[in-house]
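Pasted below: coords.cif, mmCIF, C-alpha atoms and all ligand atoms.
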data_final
#
loop_
_atom_site.label_atom_id
_atom_site.label_comp_id
_atom_site.auth_asym_id
_atom_site.auth_seq_id
_atom_site.Cartn_x
_atom_site.Cartn_y
_atom_site.Cartn_z
CA MET J 1 -108.15 3.34 26.84
CA SER J 2 -106.24 6.58 27.01
CA SER J 3 -102.51 6.91 27.39
CA ILE J 4 -100.03 9.44 28.70
CA ALA J 5 -97.12 11.12 26.98
CA THR J 6 -93.68 9.72 27.77
CA THR J 7 -91.93 11.46 30.65
CA PRO J 8 -89.48 14.21 29.73
CA ALA J 9 -86.69 12.19 31.30
CA ALA J 10 -87.62 9.14 29.32
CA SER J 11 -88.36 10.74 26.00
CA ALA J 12 -86.09 13.76 25.64
CA VAL J 13 -83.14 13.18 23.33
CA PRO J 14 -80.14 14.56 25.28
CA ALA J 15 -78.10 17.17 23.46
CA ARG J 16 -74.71 15.79 22.39
CA ARG J 17 -72.06 17.09 24.80
CA PRO J 18 -68.68 18.14 23.40
CA GLY J 19 -66.17 15.28 23.43
CA GLU J 20 -68.88 12.65 23.94
CA ALA J 21 -68.22 10.87 20.64
CA LEU J 22 -64.46 10.71 21.25
CA HIS J 23 -65.04 9.52 24.84
CA ASN J 24 -67.39 6.75 23.67
CA PHE J 25 -65.02 5.71 20.91
CA LEU J 26 -62.02 5.50 23.26
CA LEU J 27 -64.05 3.70 25.92
CA TYR J 28 -65.25 1.06 23.46
CA ALA J 29 -61.74 0.74 22.01
CA VAL J 30 -60.32 -0.01 25.50
CA VAL J 31 -63.14 -2.45 26.29
CA ILE J 32 -62.72 -4.32 22.96
CA ALA J 33 -58.90 -4.40 23.24
CA GLY J 34 -59.15 -5.62 26.88
CA ALA J 35 -61.70 -8.31 25.99
CA ALA J 36 -59.60 -9.49 23.01
CA LEU J 37 -56.45 -9.67 25.15
CA THR J 38 -58.26 -11.60 27.90
CA LEU J 39 -59.80 -14.03 25.43
CA GLY J 40 -56.49 -14.54 23.63
CA LEU J 41 -54.67 -15.27 26.90
CA MET J 42 -57.41 -17.63 28.05
CA ILE J 43 -57.28 -19.62 24.82
CA TYR J 44 -53.50 -19.65 24.46
CA GLY J 45 -52.81 -20.18 28.17
CA ALA J 46 -55.59 -22.63 29.07
CA ASN J 47 -53.38 -25.72 28.89
CA TYR J 48 -50.59 -23.95 30.80
CA TYR J 49 -52.46 -22.13 33.59
CA THR J 50 -54.31 -25.33 34.53
CA LEU J 51 -51.05 -27.26 35.17
CA ASP J 52 -49.54 -27.52 38.65
CA GLN J 53 -46.17 -25.90 39.31
CA ALA J 54 -44.11 -29.07 38.71
CA HIS J 55 -45.67 -29.68 35.29
CA ARG J 56 -45.58 -26.03 34.28
CA VAL J 57 -41.76 -26.03 34.25
CA ALA J 58 -41.85 -28.76 31.59
CA SER J 59 -44.40 -26.91 29.42
CA PRO J 60 -43.08 -25.23 26.24
CA LYS J 61 -45.22 -22.21 27.21
CA HIS J 62 -43.43 -21.74 30.56
CA GLY J 63 -40.83 -19.41 29.07
CA TYR J 64 -43.65 -17.19 27.79
CA LEU J 65 -46.35 -17.27 30.43
CA LYS J 66 -44.49 -17.47 33.78
CA PRO J 67 -44.56 -14.05 35.55
CA SER J 68 -40.98 -13.31 34.46
CA GLY J 69 -41.50 -14.88 30.99
CA VAL J 70 -41.57 -13.07 27.65
CA VAL J 71 -45.32 -12.50 27.80
CA GLY J 72 -45.65 -12.58 31.62
CA ILE J 73 -43.29 -9.68 32.24
CA ARG J 74 -44.98 -7.58 29.56
CA LEU J 75 -48.32 -8.23 31.19
CA GLY J 76 -46.81 -6.96 34.47
CA LEU J 77 -45.64 -3.79 32.70
CA LEU J 78 -49.03 -3.35 31.03
CA GLY J 79 -50.68 -3.76 34.46
CA VAL J 80 -48.47 -0.99 35.90
CA ALA J 81 -49.35 1.29 32.96
CA LEU J 82 -53.07 0.62 33.47
CA PHE J 83 -52.74 1.36 37.19
CA LEU J 84 -50.96 4.63 36.43
CA GLY J 85 -53.90 5.46 34.15
CA LEU J 86 -56.52 4.67 36.77
CA PHE J 87 -54.73 6.62 39.50
CA LEU J 88 -54.91 9.70 37.25
CA TYR J 89 -58.53 9.93 38.40
CA ALA J 90 -57.47 10.31 42.05
CA ILE J 91 -54.67 12.75 41.10
CA ARG J 92 -57.10 14.80 39.00
CA LYS J 93 -59.38 15.19 42.03
CA SER J 94 -56.64 16.72 44.17
CA TRP J 95 -54.83 18.92 41.62
CA LYS J 96 -56.76 22.10 40.89
CA TRP J 97 -55.54 22.75 37.34
CA PHE J 98 -55.91 19.06 36.43
CA SER J 99 -59.47 18.92 37.77
CA LYS J 100 -60.45 21.35 34.98
CA VAL J 101 -59.18 18.96 32.29
CA GLY J 102 -62.04 17.03 30.67
CA ASN J 103 -65.25 15.88 32.24
CA SER J 104 -65.42 14.04 35.61
CA ARG J 105 -67.92 11.49 34.33
CA HIS J 106 -65.65 10.58 31.41
CA TRP J 107 -62.66 10.26 33.74
CA LEU J 108 -64.60 8.04 36.10
CA ASN J 109 -65.72 5.81 33.21
CA PHE J 110 -62.07 5.23 32.30
CA HIS J 111 -61.20 4.71 35.96
CA VAL J 112 -63.82 1.96 36.16
CA ILE J 113 -62.75 0.25 32.91
CA LEU J 114 -59.07 0.37 33.88
CA GLY J 115 -60.03 -0.70 37.43
CA VAL J 116 -61.49 -3.90 35.96
CA LEU J 117 -58.89 -4.45 33.23
CA ALA J 118 -55.77 -3.88 35.38
CA PRO J 119 -56.61 -6.66 37.91
CA VAL J 120 -57.39 -9.03 35.00
CA VAL J 121 -54.02 -8.29 33.37
CA ILE J 122 -52.22 -8.68 36.73
CA THR J 123 -54.00 -12.01 37.27
CA PHE J 124 -52.52 -13.32 34.00
CA HIS J 125 -49.15 -11.77 34.87
CA SER J 126 -49.18 -13.69 38.18
CA SER J 127 -50.05 -16.84 36.17
CA PHE J 128 -52.72 -17.51 38.80
CA LYS J 129 -50.18 -18.03 41.60
CA PHE J 130 -50.73 -15.65 44.51
CA ARG J 131 -47.95 -16.14 47.07
CA GLY J 132 -45.87 -13.97 49.40
CA LEU J 133 -45.94 -10.18 49.45
CA ALA J 134 -47.09 -9.98 45.82
CA GLY J 135 -49.96 -12.32 46.77
CA ILE J 136 -51.05 -10.00 49.60
CA ALA J 137 -50.88 -7.02 47.20
CA TYR J 138 -52.95 -9.06 44.74
CA TRP J 139 -55.78 -9.74 47.18
CA ILE J 140 -55.83 -6.13 48.36
CA MET J 141 -56.11 -5.10 44.70
CA ILE J 142 -59.05 -7.47 44.20
CA ALA J 143 -60.75 -6.14 47.36
CA VAL J 144 -60.28 -2.54 46.15
CA ALA J 145 -61.64 -3.38 42.70
CA LEU J 146 -64.69 -5.16 44.17
CA SER J 147 -65.35 -2.31 46.59
CA GLY J 148 -65.19 -0.04 43.52
CA PHE J 149 -68.45 -1.57 42.28
CA ILE J 150 -70.17 -0.63 45.54
CA GLY J 151 -68.70 2.88 45.30
CA ARG J 152 -69.85 3.25 41.70
CA TYR J 153 -73.36 2.22 42.70
CA ILE J 154 -73.53 4.75 45.54
CA TYR J 155 -71.94 7.42 43.33
CA ALA J 156 -74.85 7.08 40.91
CA GLN J 157 -77.33 7.82 43.72
CA ILE J 158 -76.03 11.28 44.63
CA PRO J 159 -75.50 14.68 42.99
CA ARG J 160 -71.92 15.85 42.81
CA SER J 161 -72.03 18.83 45.23
CA LEU J 162 -74.01 20.00 48.24
CA GLY J 163 -75.50 22.89 46.25
CA ALA J 164 -76.40 20.49 43.49
CA ALA J 165 -77.92 18.18 46.12
CA GLU J 166 -80.31 20.91 47.32
CA VAL J 167 -81.31 21.84 43.76
CA SER J 168 -81.55 18.19 42.88
CA MET J 169 -83.82 17.45 45.86
CA LYS J 170 -86.25 20.19 44.77
CA GLU J 171 -86.13 18.94 41.20
CA LEU J 172 -86.65 15.35 42.31
CA ARG J 173 -89.75 16.32 44.29
CA ALA J 174 -91.18 18.49 41.49
CA GLU J 175 -90.56 15.82 38.85
CA SER J 176 -92.02 13.15 41.12
CA ALA J 177 -95.21 15.23 41.62
CA ARG J 178 -95.51 15.71 37.83
CA LEU J 179 -95.17 11.97 37.27
CA ALA J 180 -97.76 11.21 39.96
CA GLU J 181 -100.26 13.44 38.12
CA ARG J 182 -99.55 11.63 34.86
CA LEU J 183 -100.02 8.27 36.52
CA LYS J 184 -103.41 9.36 37.86
CA ALA J 185 -104.47 10.29 34.32
CA GLN J 186 -103.52 7.00 32.66
CA GLU J 187 -105.88 4.04 32.23
CA VAL J 188 -103.48 1.27 31.30
CA LEU J 189 -102.93 0.05 34.87
CA ALA J 190 -105.04 0.43 37.99
CA PRO J 191 -103.47 2.28 40.99
CA GLU J 192 -103.61 -0.91 43.08
CA ASP J 193 -101.49 -2.67 40.41
CA PHE J 194 -98.51 -0.41 41.03
CA ALA J 195 -99.07 0.58 44.67
CA ALA J 196 -96.49 -1.99 45.86
CA LEU J 197 -93.88 -0.68 43.39
CA LEU J 198 -94.14 2.84 44.82
CA ARG J 199 -94.24 1.77 48.48
CA LEU J 200 -91.21 2.98 50.49
CA PRO J 201 -90.27 3.21 54.18
CA SER J 202 -90.75 6.57 55.90
CA PRO J 203 -87.81 9.07 56.00
CA ALA J 204 -87.66 8.59 59.81
CA GLU J 205 -87.25 4.82 59.38
CA VAL J 206 -84.44 5.35 56.86
CA GLN J 207 -82.69 7.85 59.13
CA SER J 208 -82.65 5.36 61.99
CA MET J 209 -80.97 2.64 59.84
CA SER J 210 -77.29 1.77 59.84
CA SER J 211 -75.19 2.36 56.70
CA GLN J 212 -75.13 -1.35 55.82
CA GLU J 213 -78.92 -1.59 56.18
CA VAL J 214 -79.37 1.44 53.93
CA LEU J 215 -77.01 0.05 51.28
CA TRP J 216 -78.77 -3.30 51.32
CA LEU J 217 -82.19 -1.65 51.17
CA MET J 218 -81.21 0.58 48.23
CA LEU J 219 -79.94 -2.47 46.32
CA ARG J 220 -83.08 -4.43 47.18
CA PHE J 221 -85.33 -1.61 45.99
CA ASP J 222 -83.43 -1.27 42.72
CA LEU J 223 -83.64 -5.01 42.02
CA ALA J 224 -87.28 -5.22 43.12
CA ARG J 225 -88.11 -2.22 40.93
CA ARG J 226 -86.70 -3.93 37.83
CA TRP J 227 -88.67 -7.08 38.52
CA GLY J 228 -91.82 -5.15 39.53
CA ILE J 229 -91.65 -3.13 36.30
CA ALA J 230 -91.32 -6.35 34.27
CA GLU J 231 -94.38 -7.77 36.04
CA LEU J 232 -96.41 -4.62 35.34
CA ARG J 233 -95.29 -4.63 31.70
CA ARG J 234 -96.52 -8.24 31.40
CA LYS J 235 -99.84 -7.33 32.99
CA ALA J 236 -100.35 -4.24 30.81
CA LEU J 237 -99.40 -6.12 27.64
CA ARG J 238 -101.84 -8.91 28.48
CA SER J 239 -104.71 -6.42 28.64
CA PHE J 240 -103.72 -5.18 25.16
CA GLY J 241 -103.39 -8.72 23.80
CA GLY J 242 -99.61 -8.29 23.35
CA ASN J 243 -96.80 -10.67 24.31
CA ALA J 244 -93.95 -9.87 26.70
CA VAL J 245 -90.38 -10.74 25.68
CA PHE J 246 -87.99 -12.11 28.34
CA TRP J 247 -90.63 -12.08 31.09
CA GLY J 248 -91.24 -8.39 30.40
CA LEU J 249 -87.66 -7.37 31.20
CA VAL J 250 -87.18 -5.79 27.76
CA ARG J 251 -89.21 -2.99 26.21
CA SER J 252 -92.14 -3.94 24.04
CA HIS J 253 -93.22 -2.25 20.79
CA HIS J 254 -96.44 -1.07 22.41
CA PRO J 255 -96.11 2.75 22.79
CA GLN J 256 -99.10 3.13 25.12
CA VAL J 257 -97.83 0.48 27.52
CA GLU J 258 -94.24 1.70 27.37
CA SER J 259 -95.17 5.32 28.12
CA VAL J 260 -96.92 4.26 31.34
CA ILE J 261 -94.12 1.83 32.24
CA ASP J 262 -91.51 4.59 31.70
CA CYS J 263 -93.51 6.91 33.90
CA LEU J 264 -93.81 4.33 36.69
CA ASN J 265 -90.17 3.37 36.49
CA GLU J 266 -89.09 7.00 36.69
CA GLU J 267 -91.47 7.73 39.58
CA ALA J 268 -90.27 4.72 41.61
CA TYR J 269 -86.62 5.59 40.86
CA LEU J 270 -86.96 9.28 41.79
CA ASN J 271 -88.87 8.56 45.01
CA LYS J 272 -86.20 6.09 46.09
CA LYS J 273 -83.41 8.50 45.18
CA ALA J 274 -85.00 11.37 47.14
CA LEU J 275 -85.62 9.15 50.18
CA PHE J 276 -82.05 7.85 50.39
CA LEU J 277 -80.22 10.98 49.26
CA SER J 278 -78.73 12.12 52.59
CA LYS J 279 -77.95 8.56 53.71
CA ALA J 280 -76.28 7.84 50.36
CA GLN J 281 -74.05 10.89 50.86
CA GLU J 282 -72.98 9.60 54.29
CA LEU J 283 -72.42 6.15 52.86
CA PHE J 284 -70.24 7.50 50.08
CA GLN J 285 -68.03 9.35 52.57
CA LEU J 286 -67.69 6.16 54.58
CA TRP J 287 -66.88 4.20 51.44
CA HIS J 288 -63.97 6.59 50.68
CA VAL J 289 -62.58 5.92 54.15
CA VAL J 290 -62.19 2.26 53.14
CA HIS J 291 -61.40 2.49 49.41
CA ARG J 292 -58.67 5.14 49.69
CA PRO J 293 -56.32 3.60 52.34
CA PHE J 294 -56.66 0.15 50.77
CA SER J 295 -55.77 1.61 47.35
CA TYR J 296 -52.67 3.25 48.76
CA SER J 297 -51.58 0.20 50.75
CA PHE J 298 -51.87 -1.77 47.50
CA VAL J 299 -49.60 0.80 45.81
CA VAL J 300 -46.99 0.47 48.59
CA LEU J 301 -46.94 -3.35 48.41
CA ALA J 302 -46.91 -3.38 44.59
CA THR J 303 -44.01 -0.88 44.60
CA ILE J 304 -42.04 -3.12 47.01
CA HIS J 305 -42.78 -6.11 44.74
CA ILE J 306 -41.50 -4.21 41.67
CA ALA J 307 -38.39 -2.97 43.57
CA VAL J 308 -37.56 -6.55 44.64
CA VAL J 309 -37.99 -7.81 41.07
CA LEU J 310 -35.68 -5.04 39.80
CA LEU J 311 -33.08 -5.81 42.50
CA LEU J 312 -33.20 -9.50 41.58
CA GLY J 313 -32.28 -8.44 38.04
CA TYR J 314 -35.30 -9.57 36.04
CA PHE J 315 -34.80 -6.60 33.68
C1 LIG S 401 -57.69 -2.16 41.82
C2 LIG S 401 -58.36 -1.27 41.17
C3 LIG S 401 -58.70 0.09 41.71
C4 LIG S 401 -57.93 0.99 42.39
C5 LIG S 401 -56.49 0.83 42.83
C6 LIG S 401 -58.76 2.16 42.64
C7 LIG S 401 -58.36 3.30 43.28
C8 LIG S 401 -59.11 4.44 43.50
C9 LIG S 401 -58.67 5.65 44.10
C10 LIG S 401 -57.26 5.91 44.63
C11 LIG S 401 -59.72 6.52 44.14
C12 LIG S 401 -59.76 7.93 44.68
C13 LIG S 401 -60.22 7.90 46.10
C14 LIG S 401 -60.44 9.28 46.65
O1 LIG S 401 -60.22 10.27 45.99
O2 LIG S 401 -60.86 9.33 47.78
C15 LIG S 401 -60.85 5.84 43.57
C16 LIG S 401 -62.12 6.37 43.48
C17 LIG S 401 -63.19 5.69 42.98
N1 LIG S 401 -63.19 4.47 42.39
FE1 LIG S 401 -61.62 3.21 42.25
N2 LIG S 401 -60.01 1.94 42.13
C18 LIG S 401 -60.02 0.70 41.54
C19 LIG S 401 -61.07 0.10 40.89
C20 LIG S 401 -62.33 0.62 40.80
C21 LIG S 401 -63.44 -0.04 40.15
C22 LIG S 401 -63.38 -1.42 39.48
C23 LIG S 401 -64.50 0.80 40.28
C24 LIG S 401 -65.93 0.62 39.80
C25 LIG S 401 -66.45 -0.48 39.38
C26 LIG S 401 -64.07 1.97 41.02
C27 LIG S 401 -64.89 3.03 41.35
C28 LIG S 401 -64.46 4.16 42.00
C29 LIG S 401 -65.34 5.25 42.38
C30 LIG S 401 -66.86 5.32 42.18
C31 LIG S 401 -64.54 6.21 42.99
C32 LIG S 401 -64.99 7.52 43.67
C33 LIG S 401 -65.24 8.59 42.71
C34 LIG S 401 -65.33 9.95 43.40
O3 LIG S 401 -65.46 10.04 44.59
O4 LIG S 401 -65.24 10.91 42.66
N3 LIG S 401 -62.75 1.83 41.31
N4 LIG S 401 -60.46 4.57 43.19
#

Output the file's structure in the form of C-alpha cells.
Amino acid sequence: MSSIATTPAASAVPARRPGEALHNFLLYAVVIAGAALTLGLMIYGANYYTLDQAHRVASPKHGYLKPSGVVGIRLGLLGVALFLGLFLYAIRKSWKWFSKVGNSRHWLNFHVILGVLAPVVITFHSSFKFRGLAGIAYWIMIAVALSGFIGRYIYAQIPRSLGAAEVSMKELRAESARLAERLKAQEVLAPEDFAALLRLPSPAEVQSMSSQEVLWLMLRFDLARRWGIAELRRKALRSFGGNAVFWGLVRSHHPQVESVIDCLNEEAYLNKKALFLSKAQELFQLWHVVHRPFSYSFVVLATIHIAVVLLLGYF
C-alpha cells in the first residue's frame, strides 16, 4: 500500500511570530488565574451560595460573600476591570492609532478569555441572586457572552478583509485541487469510503438559504466532519491491523493513515469554507447588529447599577 505526503497545511511548522510566546504566556496566566479563582470561590462559597436568603444572613460567610461584602465588592470591582479590558478590543477597532498596536488575533483571544471570565466573576459578585435592574444587566451580559461564541465561530470561517477574501478564495480552490490529486493517489481508503465526507450542497442551494439555516448547516458539517474523520481513521487503522483510541477521535501513531486522514480533513474543511464564504460574511455582519447594541445596553445598565451603589454609599 502506498501513502501520500502530509499536506503542507498539516505538516508545515509555522514560523514563530513576534510576540507569540509572550501572548501565549499571558493567555495561559489569565486562564490559570481565572480557573483558580473560580475553583477557590466554589469551594469556599459552596455552603453559603446554596443557602436561601434568610439563612444566608445567619452565615458567618455573609459578611464576606454578599455582593457588598469584603470579598463580594472586590469581585464586583474585578468584574469592572475585566470588562474594561474586554472593551479595549472594541475601542481598538475604532481608533486608528490603537488598531496598529499588537496583533488583532491576540487581542481577540484576550477579548474571548475576559468575555468568559468577567461574567463568571460577576456571577460570584451577585452571589447568584439576579434581581432588579442589576439582574436585567446580568442576563443581557450572559446573552452577549453566549452570542460571543457564535460570533467567534463565524469569525473563524472568514478572512479578515474583502481583498483577503478574494485571495483566500483562489487559494482555497487551488489548495483543494492539490488535495484532491493527493487523495486520488493514495491507497489507504477507497474513494467510496470518503465520498460522503466530501459531499456538500450546491452553491445555488446555499445562496437560497436563510442565515439561520446556513449557520446551522455550517455547524452540522463541522460536527459531522469530526465524526466522519474518526470513522475513516477507524476503518483505515483496521486495514493496517492497528487500534483506534477514543473511537478514532484522537490521532494514531500510524503515519501512513494519519497523512491520508489529514489530507481528507483538510479537503473537507476547505471545501466547506469555500462554499460558505460569502454567506458567512453576511452572517457575521448580521451578528454584529445583535452583539454590539446588546453590549452597549449592558454597559448602560451596569453603569446605572454602579452609580446607584455609589449613591447608596457602599464605598
Ligand atoms: C459579556 C461579555 C462580552 C461583551 C460585553 C462583549 C462585547 C463585545 C464588543 C463591544 C465587541 C465589538 C463589536 C463591534 O465592534 O462591532 C465584541 C466583538 C466580538 N466579540 Fe465580544 N463581548 C463579550 C464576550 C464575548 C465572548 C465570550 C466571545 C467569544 C467566545 C466574544 C467574541 C467576540 C467576537 C468574535 C467579536 C467580533 C470580532 C470582530 O469583529 O473583529 N465576545 N464583543

Around all the atoms of ligand LIG 401 (chain S) listed in the file, draw an axis-aligned box and extend it by 3 Å on each of the six sides; I want its centre and edge lengths in Å to one decimal, as AutoDock Vina command-line options.
--center_x -61.7 --center_y 4.4 --center_z 43.6 --size_x 16.4 --size_y 19.1 --size_z 14.4

Just want the residues within 7 Å of ligand LIG 401 (chain S), written as an mmCIF file with C-alpha atoms, in the frame of the given file, counting only C-alpha atoms and all ligand atoms.
data_model
loop_
_atom_site.group_PDB
_atom_site.id
_atom_site.type_symbol
_atom_site.label_atom_id
_atom_site.label_comp_id
_atom_site.auth_asym_id
_atom_site.auth_seq_id
_atom_site.Cartn_x
_atom_site.Cartn_y
_atom_site.Cartn_z
ATOM 1 C CA PHE J 83 -52.740 1.360 37.190
ATOM 2 C CA LEU J 86 -56.520 4.670 36.770
ATOM 3 C CA PHE J 87 -54.730 6.620 39.500
ATOM 4 C CA TYR J 89 -58.530 9.930 38.400
ATOM 5 C CA ALA J 90 -57.470 10.310 42.050
ATOM 6 C CA LYS J 93 -59.380 15.190 42.030
ATOM 7 C CA LEU J 108 -64.600 8.040 36.100
ATOM 8 C CA HIS J 111 -61.200 4.710 35.960
ATOM 9 C CA VAL J 112 -63.820 1.960 36.160
ATOM 10 C CA ILE J 113 -62.750 0.250 32.910
ATOM 11 C CA GLY J 115 -60.030 -0.700 37.430
ATOM 12 C CA VAL J 116 -61.490 -3.900 35.960
ATOM 13 C CA ALA J 118 -55.770 -3.880 35.380
ATOM 14 C CA PRO J 119 -56.610 -6.660 37.910
ATOM 15 C CA MET J 141 -56.110 -5.100 44.700
ATOM 16 C CA ILE J 142 -59.050 -7.470 44.200
ATOM 17 C CA VAL J 144 -60.280 -2.540 46.150
ATOM 18 C CA ALA J 145 -61.640 -3.380 42.700
ATOM 19 C CA LEU J 146 -64.690 -5.160 44.170
ATOM 20 C CA GLY J 148 -65.190 -0.040 43.520
ATOM 21 C CA PHE J 149 -68.450 -1.570 42.280
ATOM 22 C CA GLY J 151 -68.700 2.880 45.300
ATOM 23 C CA ARG J 152 -69.850 3.250 41.700
ATOM 24 C CA TYR J 155 -71.940 7.420 43.330
ATOM 25 C CA HIS J 288 -63.970 6.590 50.680
ATOM 26 C CA HIS J 291 -61.400 2.490 49.410
ATOM 27 C CA ARG J 292 -58.670 5.140 49.690
ATOM 28 C CA SER J 295 -55.770 1.610 47.350
ATOM 29 C CA TYR J 296 -52.670 3.250 48.760
#

For Glu258 of chain J, the nearest of the candidates J:Ala36, J:Leu286, J:Val188, J:Val299, counting all atoms listed in the file: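 When distances to Glu258 of chain J are compared using all atoms listed in the file, the smallest one comes from J:Val188.
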
Best match for closeness to Pro67 of chain J among J:Leu277, J:Ala143, J:Ala134, J:Ala185, counting all atoms listed in the file: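 Smallest distance to Pro67 of chain J is found for J:Ala134.
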
Selected residue of minimal separation from Ile306 of chain J among J:Trp107, J:Ala137, J:His62, J:Ile158, counting all atoms listed in the file: J:Ala137

For atom CA of Ala21 of chain J and atom CA of His106 of chain J, the interatomic separation in Å (one decimal): 11.1 Å

Which residue, J:Glu192, J:Glu267, J:Glu231, J:Asp222, has the smallest gap to Glu175 of chain J when you use all atoms listed in the file?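 Among the listed residues, J:Glu267 lies closest to Glu175 of chain J.
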
Can you pull out every residue within 9 Å of Asn271 of chain J, counting only C-alpha atoms, but drop anything in the same chain fewer than 2 positions away, and send it as a VMD selection string? chain J and resid 172 to 173 176 198 200 266 to 269 273 to 276

Nearest residue to Val120 of chain J from the set J:Ala46, J:Val257, J:Leu88, J:Leu41 (distances using all atoms listed in the file): J:Leu41

Pick from J:Leu311, J:Leu270, J:Leu75, J:His23 nearest to Asn103 of chain J, counting all atoms listed in the file: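 Once distances to Asn103 of chain J are computed over all atoms listed in the file, the minimum belongs to J:His23.
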
Using Å and a single decimal, report how far atom CA of Ala180 of chain J sits from atom CA of Ala236 of chain J.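 These two atoms are separated by 18.1 Å.
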
Do you have the atom CA of Met209 of chain J-atom CA of Phe194 of chain J distance handy?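 About the pair atom CA of Met209 of chain J and atom CA of Phe194 of chain J: they are 25.9 Å apart.
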
Pick out the residues sitting within 12 Å of His125 of chain J, and hand them over as a PyMOL selection string; count all atoms listed in the file, and ignore anything fewer than 3 positions along from it in its own chain. chain J and resi 38+41+45+49+64-80+118-122+128-130+134-135+138
